[in-house]
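What follows is the content of protein-v7.cif, which has mmCIF, C-alpha atoms:
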```cif
data_input
#
loop_
_atom_site.group_PDB
_atom_site.id
_atom_site.type_symbol
_atom_site.label_atom_id
_atom_site.label_comp_id
_atom_site.auth_asym_id
_atom_site.auth_seq_id
_atom_site.Cartn_x
_atom_site.Cartn_y
_atom_site.Cartn_z
ATOM 1 C CA MET A 1 -6.126 9.857 12.331
ATOM 2 C CA THR A 2 -8.916 11.932 10.798
ATOM 3 C CA GLU A 3 -9.688 11.166 7.197
ATOM 4 C CA PRO A 4 -9.642 14.172 4.879
ATOM 5 C CA SER A 5 -13.054 14.586 3.287
ATOM 6 C CA ILE A 6 -11.494 15.325 -0.113
ATOM 7 C CA THR A 7 -10.077 12.543 -2.271
ATOM 8 C CA LEU A 8 -8.163 13.352 -5.455
ATOM 9 C CA TYR A 9 -7.787 10.662 -8.117
ATOM 10 C CA ARG A 10 -4.631 11.563 -9.932
ATOM 11 C CA LEU A 11 -1.939 10.376 -12.267
ATOM 12 C CA GLN A 12 1.722 10.872 -11.513
ATOM 13 C CA ALA A 13 3.085 14.049 -13.161
ATOM 14 C CA CYS A 14 -0.176 14.901 -14.920
ATOM 15 C CA PRO A 15 -0.183 18.720 -15.278
ATOM 16 C CA TYR A 16 -3.966 18.983 -14.907
ATOM 17 C CA CYS A 17 -3.749 17.047 -11.647
ATOM 18 C CA GLU A 18 -0.948 19.302 -10.405
ATOM 19 C CA ARG A 19 -3.142 22.314 -11.133
ATOM 20 C CA VAL A 20 -5.774 20.928 -8.751
ATOM 21 C CA VAL A 21 -3.099 20.136 -6.166
ATOM 22 C CA ARG A 22 -1.887 23.742 -6.328
ATOM 23 C CA ALA A 23 -5.436 24.958 -5.670
ATOM 24 C CA LEU A 24 -5.848 22.542 -2.754
ATOM 25 C CA ASP A 25 -2.561 23.708 -1.260
ATOM 26 C CA ARG A 26 -3.374 27.378 -1.811
ATOM 27 C CA LEU A 27 -6.672 26.901 0.031
ATOM 28 C CA ASP A 28 -4.897 24.879 2.727
ATOM 29 C CA LEU A 29 -7.248 21.913 2.256
ATOM 30 C CA ALA A 30 -6.379 18.421 3.458
ATOM 31 C CA TYR A 31 -6.844 15.745 0.816
ATOM 32 C CA ARG A 32 -6.022 12.144 0.139
ATOM 33 C CA SER A 33 -4.235 11.237 -3.090
ATOM 34 C CA ARG A 34 -5.215 8.094 -4.946
ATOM 35 C CA TYR A 35 -2.865 7.349 -7.811
ATOM 36 C CA VAL A 36 -4.267 5.443 -10.756
ATOM 37 C CA GLU A 37 -2.919 3.748 -13.861
ATOM 38 C CA PRO A 38 -1.561 5.653 -16.835
ATOM 39 C CA MET A 39 -3.566 3.269 -19.063
ATOM 40 C CA HIS A 40 -6.943 4.872 -19.604
ATOM 41 C CA SER A 41 -8.674 1.494 -19.931
ATOM 42 C CA GLU A 42 -7.517 0.462 -16.467
ATOM 43 C CA ARG A 43 -9.071 3.333 -14.579
ATOM 44 C CA ASN A 44 -12.369 1.686 -13.742
ATOM 45 C CA VAL A 45 -12.318 3.048 -10.219
ATOM 46 C CA VAL A 46 -12.358 6.594 -11.582
ATOM 47 C CA LYS A 47 -15.177 5.728 -13.954
ATOM 48 C CA ARG A 48 -17.158 4.299 -11.050
ATOM 49 C CA VAL A 49 -16.814 7.349 -8.854
ATOM 50 C CA SER A 50 -17.051 10.116 -11.460
ATOM 51 C CA GLY A 51 -18.697 8.562 -14.516
ATOM 52 C CA ALA A 52 -15.587 9.124 -16.665
ATOM 53 C CA ARG A 53 -12.090 7.691 -16.775
ATOM 54 C CA SER A 54 -10.366 11.066 -16.941
ATOM 55 C CA VAL A 55 -8.161 12.433 -14.188
ATOM 56 C CA PRO A 56 -8.070 14.523 -12.178
ATOM 57 C CA ALA A 57 -11.295 13.562 -10.480
ATOM 58 C CA LEU A 58 -12.235 14.918 -7.097
ATOM 59 C CA VAL A 59 -14.611 13.544 -4.497
ATOM 60 C CA ASP A 60 -15.645 15.835 -1.656
ATOM 61 C CA ARG A 61 -17.498 13.829 0.945
ATOM 62 C CA GLY A 62 -18.112 17.003 2.942
ATOM 63 C CA THR A 63 -20.389 18.415 0.272
ATOM 64 C CA GLY A 64 -21.297 15.252 -1.654
ATOM 65 C CA VAL A 65 -19.731 16.674 -4.813
ATOM 66 C CA THR A 66 -17.845 14.561 -7.357
ATOM 67 C CA MET A 67 -16.336 16.161 -10.429
ATOM 68 C CA SER A 68 -13.838 15.890 -13.280
ATOM 69 C CA GLU A 69 -11.967 18.468 -15.404
ATOM 70 C CA SER A 70 -9.324 20.505 -13.636
ATOM 71 C CA ALA A 71 -10.782 23.941 -14.479
ATOM 72 C CA ASN A 72 -14.165 22.927 -13.075
ATOM 73 C CA ILE A 73 -12.559 21.476 -9.973
ATOM 74 C CA VAL A 74 -10.466 24.571 -9.313
ATOM 75 C CA ASP A 75 -13.570 26.775 -9.744
ATOM 76 C CA TYR A 76 -15.497 24.570 -7.376
ATOM 77 C CA LEU A 77 -12.769 24.642 -4.736
ATOM 78 C CA GLU A 78 -12.418 28.407 -4.914
ATOM 79 C CA ARG A 79 -16.171 28.938 -4.749
ATOM 80 C CA THR A 80 -16.591 26.518 -1.855
ATOM 81 C CA TYR A 81 -13.467 27.105 0.201
ATOM 82 C CA GLY A 82 -12.057 30.419 -1.017
ATOM 83 C CA ASP A 83 -11.994 33.619 1.044
ATOM 84 C CA ALA A 84 -15.316 34.813 -0.301
ATOM 85 C CA SER A 85 -17.117 31.531 0.319
ATOM 86 C CA GLY A 86 -18.079 31.636 4.001
ATOM 87 C CA PRO A 87 -21.429 32.987 5.149
ATOM 88 C CA GLY A 88 -21.238 36.681 5.890
ATOM 89 C CA THR A 89 -17.774 37.053 4.385
ATOM 90 C CA ALA A 90 -18.864 38.114 0.904
ATOM 91 C CA GLY A 91 -17.516 41.566 0.255
ATOM 92 C CA ALA A 92 -15.513 41.603 3.473
ATOM 93 C CA ALA A 93 -12.077 43.160 3.295
ATOM 94 C CA MET B 1 17.938 -34.119 -3.410
ATOM 95 C CA VAL B 2 20.255 -31.831 -5.273
ATOM 96 C CA ASP B 3 23.016 -30.532 -3.118
ATOM 97 C CA PHE B 4 23.278 -26.766 -3.414
ATOM 98 C CA GLU B 5 24.839 -23.914 -1.560
ATOM 99 C CA VAL B 6 22.628 -22.054 0.887
ATOM 100 C CA VAL B 7 23.952 -18.786 2.246
ATOM 101 C CA THR B 8 23.469 -18.179 5.939
ATOM 102 C CA LEU B 9 22.232 -14.625 6.532
ATOM 103 C CA PRO B 10 23.527 -12.500 9.410
ATOM 104 C CA ASP B 11 21.603 -12.689 12.684
ATOM 105 C CA THR B 12 19.027 -9.967 13.003
ATOM 106 C CA ASP B 13 17.117 -8.404 15.850
ATOM 107 C CA HIS B 14 13.758 -8.574 14.113
ATOM 108 C CA VAL B 15 10.197 -7.851 15.189
ATOM 109 C CA ASP B 16 8.996 -10.963 17.002
ATOM 110 C CA VAL B 17 6.063 -12.686 18.667
ATOM 111 C CA GLY B 18 4.547 -10.523 21.405
ATOM 112 C CA ASP B 19 5.791 -7.224 19.930
ATOM 113 C CA VAL B 20 3.396 -4.643 18.584
ATOM 114 C CA ALA B 21 4.268 -4.363 14.906
ATOM 115 C CA PRO B 22 5.819 -0.905 14.360
ATOM 116 C CA ASP B 23 3.502 1.526 12.636
ATOM 117 C CA PHE B 24 4.539 3.064 9.324
ATOM 118 C CA THR B 25 3.054 4.898 6.374
ATOM 119 C CA ARG B 26 3.818 3.874 2.796
ATOM 120 C CA PRO B 27 1.962 3.766 -0.514
ATOM 121 C CA LEU B 28 -0.393 0.797 -0.339
ATOM 122 C CA VAL B 29 -1.191 -0.658 -3.739
ATOM 123 C CA GLY B 30 -4.478 -2.383 -4.470
ATOM 124 C CA ALA B 31 -6.173 -3.611 -7.584
ATOM 125 C CA GLU B 32 -7.282 -0.155 -8.693
ATOM 126 C CA TYR B 33 -5.161 2.573 -7.140
ATOM 127 C CA TRP B 34 -2.543 3.334 -4.556
ATOM 128 C CA GLU B 35 -2.478 5.798 -1.704
ATOM 129 C CA ASP B 36 -0.460 6.481 1.432
ATOM 130 C CA ARG B 37 -1.789 4.365 4.270
ATOM 131 C CA ALA B 38 -0.630 3.839 7.849
ATOM 132 C CA LEU B 39 -0.408 0.220 8.985
ATOM 133 C CA ASP B 40 -2.295 1.182 12.132
ATOM 134 C CA ASP B 41 -5.096 2.513 9.981
ATOM 135 C CA VAL B 42 -5.239 -0.594 7.785
ATOM 136 C CA VAL B 43 -5.161 -3.288 10.478
ATOM 137 C CA ASP B 44 -8.669 -3.836 11.832
ATOM 138 C CA GLY B 45 -8.605 -7.599 12.284
ATOM 139 C CA PRO B 46 -6.285 -10.575 11.808
ATOM 140 C CA THR B 47 -3.665 -9.502 9.290
ATOM 141 C CA LEU B 48 -0.889 -11.350 7.537
ATOM 142 C CA LEU B 49 2.054 -9.033 6.841
ATOM 143 C CA LEU B 50 4.401 -10.641 4.324
ATOM 144 C CA PHE B 51 7.811 -9.176 3.492
ATOM 145 C CA HIS B 52 9.232 -10.516 0.282
ATOM 146 C CA PRO B 53 12.037 -10.054 -2.253
ATOM 147 C CA MET B 54 11.446 -7.595 -5.090
ATOM 148 C CA ASP B 55 8.542 -8.245 -7.434
ATOM 149 C CA GLY B 56 9.631 -10.459 -10.300
ATOM 150 C CA ALA B 57 12.092 -12.519 -8.256
ATOM 151 C CA PHE B 58 10.981 -16.144 -8.190
ATOM 152 C CA GLN B 59 10.598 -16.072 -4.415
ATOM 153 C CA ALA B 60 7.998 -13.320 -4.719
ATOM 154 C CA THR B 61 6.170 -15.122 -7.521
ATOM 155 C CA TYR B 62 6.028 -18.385 -5.545
ATOM 156 C CA LEU B 63 4.814 -16.561 -2.457
ATOM 157 C CA TYR B 64 1.835 -15.099 -4.313
ATOM 158 C CA LYS B 65 1.054 -18.447 -5.926
ATOM 159 C CA GLU B 66 0.958 -19.936 -2.449
ATOM 160 C CA ILE B 67 -1.235 -17.107 -1.082
ATOM 161 C CA ASP B 68 -3.718 -17.804 -3.877
ATOM 162 C CA ALA B 69 -3.562 -21.589 -3.569
ATOM 163 C CA ARG B 70 -4.180 -21.492 0.172
ATOM 164 C CA GLY B 71 -6.946 -18.891 -0.040
ATOM 165 C CA TRP B 72 -5.587 -16.829 2.833
ATOM 166 C CA VAL B 73 -7.510 -13.711 1.812
ATOM 167 C CA ARG B 74 -10.713 -15.481 2.832
ATOM 168 C CA ASP B 75 -9.559 -15.670 6.466
ATOM 169 C CA VAL B 76 -7.271 -12.688 7.033
ATOM 170 C CA ASP B 77 -6.239 -9.399 5.443
ATOM 171 C CA VAL B 78 -3.104 -10.106 3.457
ATOM 172 C CA LEU B 79 -0.569 -7.293 3.037
ATOM 173 C CA GLY B 80 2.723 -7.638 1.183
ATOM 174 C CA VAL B 81 5.811 -5.435 1.499
ATOM 175 C CA SER B 82 8.709 -5.152 -0.927
ATOM 176 C CA ILE B 83 11.065 -2.517 -2.281
ATOM 177 C CA SER B 84 9.317 -2.560 -5.647
ATOM 178 C CA THR B 85 7.497 0.530 -6.873
ATOM 179 C CA PRO B 86 3.701 0.899 -7.015
ATOM 180 C CA TYR B 87 3.813 0.289 -10.781
ATOM 181 C CA GLU B 88 5.562 -3.042 -10.253
ATOM 182 C CA HIS B 89 3.080 -3.999 -7.549
ATOM 183 C CA ARG B 90 0.262 -3.266 -10.000
ATOM 184 C CA SER B 91 1.824 -5.652 -12.527
ATOM 185 C CA LEU B 92 2.227 -8.295 -9.832
ATOM 186 C CA LEU B 93 -1.384 -7.952 -8.708
ATOM 187 C CA ALA B 94 -2.636 -8.086 -12.290
ATOM 188 C CA GLU B 95 -1.264 -11.643 -12.506
ATOM 189 C CA ARG B 96 -2.020 -13.072 -9.067
ATOM 190 C CA GLY B 97 -2.738 -12.202 -5.448
ATOM 191 C CA ALA B 98 -6.440 -11.346 -5.809
ATOM 192 C CA GLY B 99 -7.510 -9.417 -2.717
ATOM 193 C CA VAL B 100 -3.935 -8.761 -1.585
ATOM 194 C CA ARG B 101 -2.601 -5.226 -1.109
ATOM 195 C CA VAL B 102 1.113 -4.444 -1.179
ATOM 196 C CA PHE B 103 3.146 -1.692 0.487
ATOM 197 C CA SER B 104 5.957 -0.095 -1.469
ATOM 198 C CA ASP B 105 9.190 0.603 0.460
ATOM 199 C CA PRO B 106 11.905 1.410 -2.100
ATOM 200 C CA SER B 107 14.168 2.987 0.526
ATOM 201 C CA ALA B 108 13.940 -0.224 2.620
ATOM 202 C CA ASP B 109 13.696 1.977 5.725
ATOM 203 C CA LEU B 110 10.735 0.124 7.151
ATOM 204 C CA ILE B 111 12.247 -3.175 6.044
ATOM 205 C CA ARG B 112 15.298 -2.287 8.158
ATOM 206 C CA GLU B 113 13.083 -1.182 11.042
ATOM 207 C CA TYR B 114 11.467 -4.623 11.081
ATOM 208 C CA GLY B 115 14.916 -6.232 11.067
ATOM 209 C CA VAL B 116 14.356 -8.120 7.831
ATOM 210 C CA ALA B 117 16.805 -6.372 5.485
ATOM 211 C CA HIS B 118 18.986 -8.211 3.000
ATOM 212 C CA ASP B 119 21.846 -6.640 1.050
ATOM 213 C CA ILE B 120 21.766 -8.601 -2.165
ATOM 214 C CA ASP B 121 25.088 -9.800 -3.454
ATOM 215 C CA GLY B 122 25.867 -8.497 -6.919
ATOM 216 C CA MET B 123 23.255 -5.712 -6.995
ATOM 217 C CA ALA B 124 25.152 -2.706 -5.704
ATOM 218 C CA GLY B 125 23.146 -0.245 -3.653
ATOM 219 C CA ILE B 126 20.065 -2.444 -3.320
ATOM 220 C CA THR B 127 18.820 -3.483 0.086
ATOM 221 C CA GLU B 128 15.613 -5.449 0.017
ATOM 222 C CA ALA B 129 13.428 -7.603 2.269
ATOM 223 C CA ARG B 130 14.216 -11.139 3.301
ATOM 224 C CA PRO B 131 11.188 -13.389 3.156
ATOM 225 C CA ALA B 132 9.418 -12.810 6.470
ATOM 226 C CA VAL B 133 5.963 -13.492 7.869
ATOM 227 C CA PHE B 134 4.204 -11.630 10.673
ATOM 228 C CA LEU B 135 0.691 -12.618 11.664
ATOM 229 C CA LEU B 136 -0.940 -9.723 13.538
ATOM 230 C CA ASP B 137 -4.083 -9.561 15.620
ATOM 231 C CA ALA B 138 -6.455 -6.591 15.475
ATOM 232 C CA ASP B 139 -4.196 -4.676 17.900
ATOM 233 C CA ARG B 140 -1.120 -5.163 15.675
ATOM 234 C CA ARG B 141 0.319 -7.602 18.205
ATOM 235 C CA VAL B 142 2.524 -10.220 16.527
ATOM 236 C CA ARG B 143 1.075 -13.701 17.055
ATOM 237 C CA TYR B 144 3.347 -15.610 14.698
ATOM 238 C CA ALA B 145 6.684 -14.570 13.243
ATOM 239 C CA TRP B 146 9.168 -16.126 10.856
ATOM 240 C CA VAL B 147 12.173 -14.432 9.281
ATOM 241 C CA ALA B 148 14.476 -16.116 6.771
ATOM 242 C CA SER B 149 17.889 -16.908 8.208
ATOM 243 C CA GLU B 150 19.195 -18.423 4.979
ATOM 244 C CA HIS B 151 19.169 -17.396 1.344
ATOM 245 C CA PRO B 152 17.186 -18.612 -0.426
ATOM 246 C CA ALA B 153 14.452 -19.682 1.973
ATOM 247 C CA SER B 154 10.678 -19.845 1.898
ATOM 248 C CA PRO B 155 8.187 -19.600 4.739
ATOM 249 C CA ASP B 156 6.847 -22.812 6.250
ATOM 250 C CA TYR B 157 3.438 -22.380 4.645
ATOM 251 C CA ASP B 158 1.816 -25.133 6.705
ATOM 252 C CA ALA B 159 2.981 -23.417 9.890
ATOM 253 C CA VAL B 160 1.496 -20.121 8.665
ATOM 254 C CA ASP B 161 -1.765 -21.939 7.891
ATOM 255 C CA ALA B 162 -1.838 -23.384 11.407
ATOM 256 C CA ALA B 163 -1.114 -19.980 12.976
ATOM 257 C CA ILE B 164 -3.965 -18.413 10.984
ATOM 258 C CA ASP B 165 -6.311 -21.195 12.136
ATOM 259 C CA ARG B 166 -5.347 -20.611 15.763
ATOM 260 C CA LEU B 167 -5.911 -16.871 15.474
ATOM 261 C CA VAL B 168 -9.197 -16.802 13.587
ATOM 262 C CA ASP B 169 -10.959 -19.769 15.215
#
```
What does this structure look like when you write it as structure tokens?
Amino acid sequence: MTEPSITLYRLQACPYCERVVRALDRLDLAYRSRYVEPMHSERNVVKRVSGARSVPALVDRGTGVTMSESANIVDYLERTYGDASGPGTAGAA
Amino acid sequence: MVDFEVVTLPDTDHVDVGDVAPDFTRPLVGAEYWEDRALDDVVDGPTLLLFHPMDGAFQATYLYKEIDARGWVRDVDVLGVSISTPYEHRSLLAERGAGVRVFSDPSADLIREYGVAHDIDGMAGITEARPAVFLLDADRRVRYAWVASEHPASPDYDAVDAAIDRLVD
């Protein structure tokens, strides 16, 4: 079994997490979901990986990027994996 | 010794010594998060796979007390399985079972596949796990197996200890 290089730290039914999931699905990216505690104080694992306890947090081992905040994550995913991201594809039809 | 009624459970064709433990994927709950994991992916050495009644039942509580008291996590990977949800497993692991991870199987499908199901009297619609112990080697081969044939029943902890010693020495 190949491990996806993207790990999403998420909270069940958190709308900001679902927004990231929609972007991942739209870009057809494999990812692993790690569900954490609703209690903010018990999310030390998220703090360790991202520096903050907020979710969603995304770790992309392929690029070495770790980030929080759903809008930033969605931007990052689209920039990195969207249609216009590959070398030589910018401006292609 | 107090005389009390013990219910004999139906015979079951359960996973046994010499079998390769069936692979499955379920949420695996640890101290900090849970995620879907395949058993095959998790087993990379001697592993104690413990099926137990739902979290909160005294049999589950005693099992985790015994895991802690005997220090099994020092010698083997210890994995629990019950029908309880990841949230309930988190509460369980907050109290005891340091180093233990627990699979969540609310549908009891994998519990049935292992042949360790128990339809609890007086809780309509709930099928859960009988107490059961499977000691696996790194290839998921079962080296020791025990499945409760009565209710209530607890594993023979000394026998599990001895089986672990045989496997890891």
Practice item. Within 9 Å of chain B, which residues of chain A are there when counting all atoms listed in the file? Please give them as a PyMOL selection string. Key: chain A and resi 1+9+32-37+42-46
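For the pair atom CA of B:Asp161 and atom CA of B:Ala69, the separation is 11.6 Å.
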Check your understanding: Expressed in Å to a single decimal, how great is the separation between atom CA of B:Leu48 and atom CA of B:Ala60?
Key ->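 Computed distance, atom CA of B:Leu48 to atom CA of B:Ala60, equals 15.3 Å.
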Run the PyMOL selection byres ((chain A and resi 65) around 12) on the file and write out the hits as an mmCIF file with C-alpha atoms, in the frame of the given file.
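Result saved to result-v8.cif:
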```cif
data_model
loop_
_atom_site.group_PDB
_atom_site.id
_atom_site.type_symbol
_atom_site.label_atom_id
_atom_site.label_comp_id
_atom_site.auth_asym_id
_atom_site.auth_seq_id
_atom_site.Cartn_x
_atom_site.Cartn_y
_atom_site.Cartn_z
ATOM 1 C CA SER A 5 -13.054 14.586 3.287
ATOM 2 C CA ILE A 6 -11.494 15.325 -0.113
ATOM 3 C CA THR A 7 -10.077 12.543 -2.271
ATOM 4 C CA VAL A 49 -16.814 7.349 -8.854
ATOM 5 C CA SER A 50 -17.051 10.116 -11.460
ATOM 6 C CA ALA A 57 -11.295 13.562 -10.480
ATOM 7 C CA LEU A 58 -12.235 14.918 -7.097
ATOM 8 C CA VAL A 59 -14.611 13.544 -4.497
ATOM 9 C CA ASP A 60 -15.645 15.835 -1.656
ATOM 10 C CA ARG A 61 -17.498 13.829 0.945
ATOM 11 C CA GLY A 62 -18.112 17.003 2.942
ATOM 12 C CA THR A 63 -20.389 18.415 0.272
ATOM 13 C CA GLY A 64 -21.297 15.252 -1.654
ATOM 14 C CA THR A 66 -17.845 14.561 -7.357
ATOM 15 C CA MET A 67 -16.336 16.161 -10.429
ATOM 16 C CA SER A 68 -13.838 15.890 -13.280
ATOM 17 C CA ASN A 72 -14.165 22.927 -13.075
ATOM 18 C CA ILE A 73 -12.559 21.476 -9.973
ATOM 19 C CA TYR A 76 -15.497 24.570 -7.376
ATOM 20 C CA LEU A 77 -12.769 24.642 -4.736
ATOM 21 C CA THR A 80 -16.591 26.518 -1.855
#
```
Practice item. Using the chain letters and numbering of this document, enumerate as a list in words the residues selected by the PyMOL selection byres ((chain A and resi 14) around 12). Key: Tyr9, Arg10, Leu11, Gln12, Ala13, Pro15, Tyr16, Cys17, Glu18, Arg19, Val20, Val21, Tyr35, Val36, Glu37, Pro38, Ser54, Val55, Pro56 and Ser70 of chain A
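When the distance limit is 12 Å and all atoms listed in the file are what count, the residues near B:Gly99, minus those fewer than 4 positions from it on the same chain, are B:Val29, B:Gly30, B:Ala31, B:Glu32, B:Tyr64, B:Ile67, B:Asp68, B:Gly71, B:Trp72, B:Val73, B:Arg74, B:Asp75, B:Val76, B:Asp77, B:Val78, B:Leu79, B:Gly80, B:Leu93, B:Ala94, B:Glu95.
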Please write the residues picked by the PyMOL selection byres ((chain B and resi 7-17) around 9) on this file as a short mmCIF file (atom, residue, chain, number, x, y, z; two decimals) with C-alpha atoms, keeping the file's coordinate frame.
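Saved the output as part_1.cif:
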```cif
data_model
loop_
_atom_site.label_atom_id
_atom_site.label_comp_id
_atom_site.auth_asym_id
_atom_site.auth_seq_id
_atom_site.Cartn_x
_atom_site.Cartn_y
_atom_site.Cartn_z
CA GLU B 5 24.84 -23.91 -1.56
CA VAL B 6 22.63 -22.05 0.89
CA GLY B 18 4.55 -10.52 21.40
CA ASP B 19 5.79 -7.22 19.93
CA VAL B 20 3.40 -4.64 18.58
CA ALA B 21 4.27 -4.36 14.91
CA PRO B 22 5.82 -0.90 14.36
CA ARG B 112 15.30 -2.29 8.16
CA GLU B 113 13.08 -1.18 11.04
CA TYR B 114 11.47 -4.62 11.08
CA GLY B 115 14.92 -6.23 11.07
CA VAL B 116 14.36 -8.12 7.83
CA ALA B 117 16.80 -6.37 5.48
CA HIS B 118 18.99 -8.21 3.00
CA PHE B 134 4.20 -11.63 10.67
CA LEU B 135 0.69 -12.62 11.66
CA ARG B 141 0.32 -7.60 18.20
CA VAL B 142 2.52 -10.22 16.53
CA ARG B 143 1.08 -13.70 17.06
CA TYR B 144 3.35 -15.61 14.70
CA ALA B 145 6.68 -14.57 13.24
CA TRP B 146 9.17 -16.13 10.86
CA VAL B 147 12.17 -14.43 9.28
CA ALA B 148 14.48 -16.12 6.77
CA SER B 149 17.89 -16.91 8.21
CA GLU B 150 19.20 -18.42 4.98
CA HIS B 151 19.17 -17.40 1.34
CA PRO B 152 17.19 -18.61 -0.43
#
```
Check your understanding: To one decimal place, how far is atom CA of B:Phe24 from atom CA of B:Val133 in Å?
Key ->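 Distance reported for this atom pair: 16.7 Å.
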Practice item. Give the answer as one residue: which of A:Asp75, A:Tyr31, A:Met39, A:Glu69 has the shortest atom-to-atom distance to A:Ala52, using only C-alpha atoms? Key: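 Between A:Asp75, A:Tyr31, A:Met39, A:Glu69, the residue approaching A:Ala52 most closely is A:Glu69.
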Review point. In file coordinates, which residues lie within 6 Å of (9.5, -6.7, 5.6) using only C-alpha atoms, given as a PyMOL selection string?
Key: chain B and resi 51+81+111+116+129
Exercise for review: Scan for residues within 8 Å of the point (-7.7, 26.1, 0.6) in the coordinates of the file, using all atoms listed in the file, and reply as an MDAnalysis selection string.
Suggested key: chainID A and resid 23:29 77:78 81:82
With C-alpha atoms kept, could you save the residues just selected as a compact mmCIF listing (two decimals), in the coordinates of the input?
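Ended up saving to out01.txt:
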```txt
# COMPACT_ATOMS: atom_id res chain seq x y z
CA ALA A 23 -5.44 24.96 -5.67
CA LEU A 24 -5.85 22.54 -2.75
CA ASP A 25 -2.56 23.71 -1.26
CA ARG A 26 -3.37 27.38 -1.81
CA LEU A 27 -6.67 26.90 0.03
CA ASP A 28 -4.90 24.88 2.73
CA LEU A 29 -7.25 21.91 2.26
CA LEU A 77 -12.77 24.64 -4.74
CA GLU A 78 -12.42 28.41 -4.91
CA TYR A 81 -13.47 27.10 0.20
CA GLY A 82 -12.06 30.42 -1.02
```
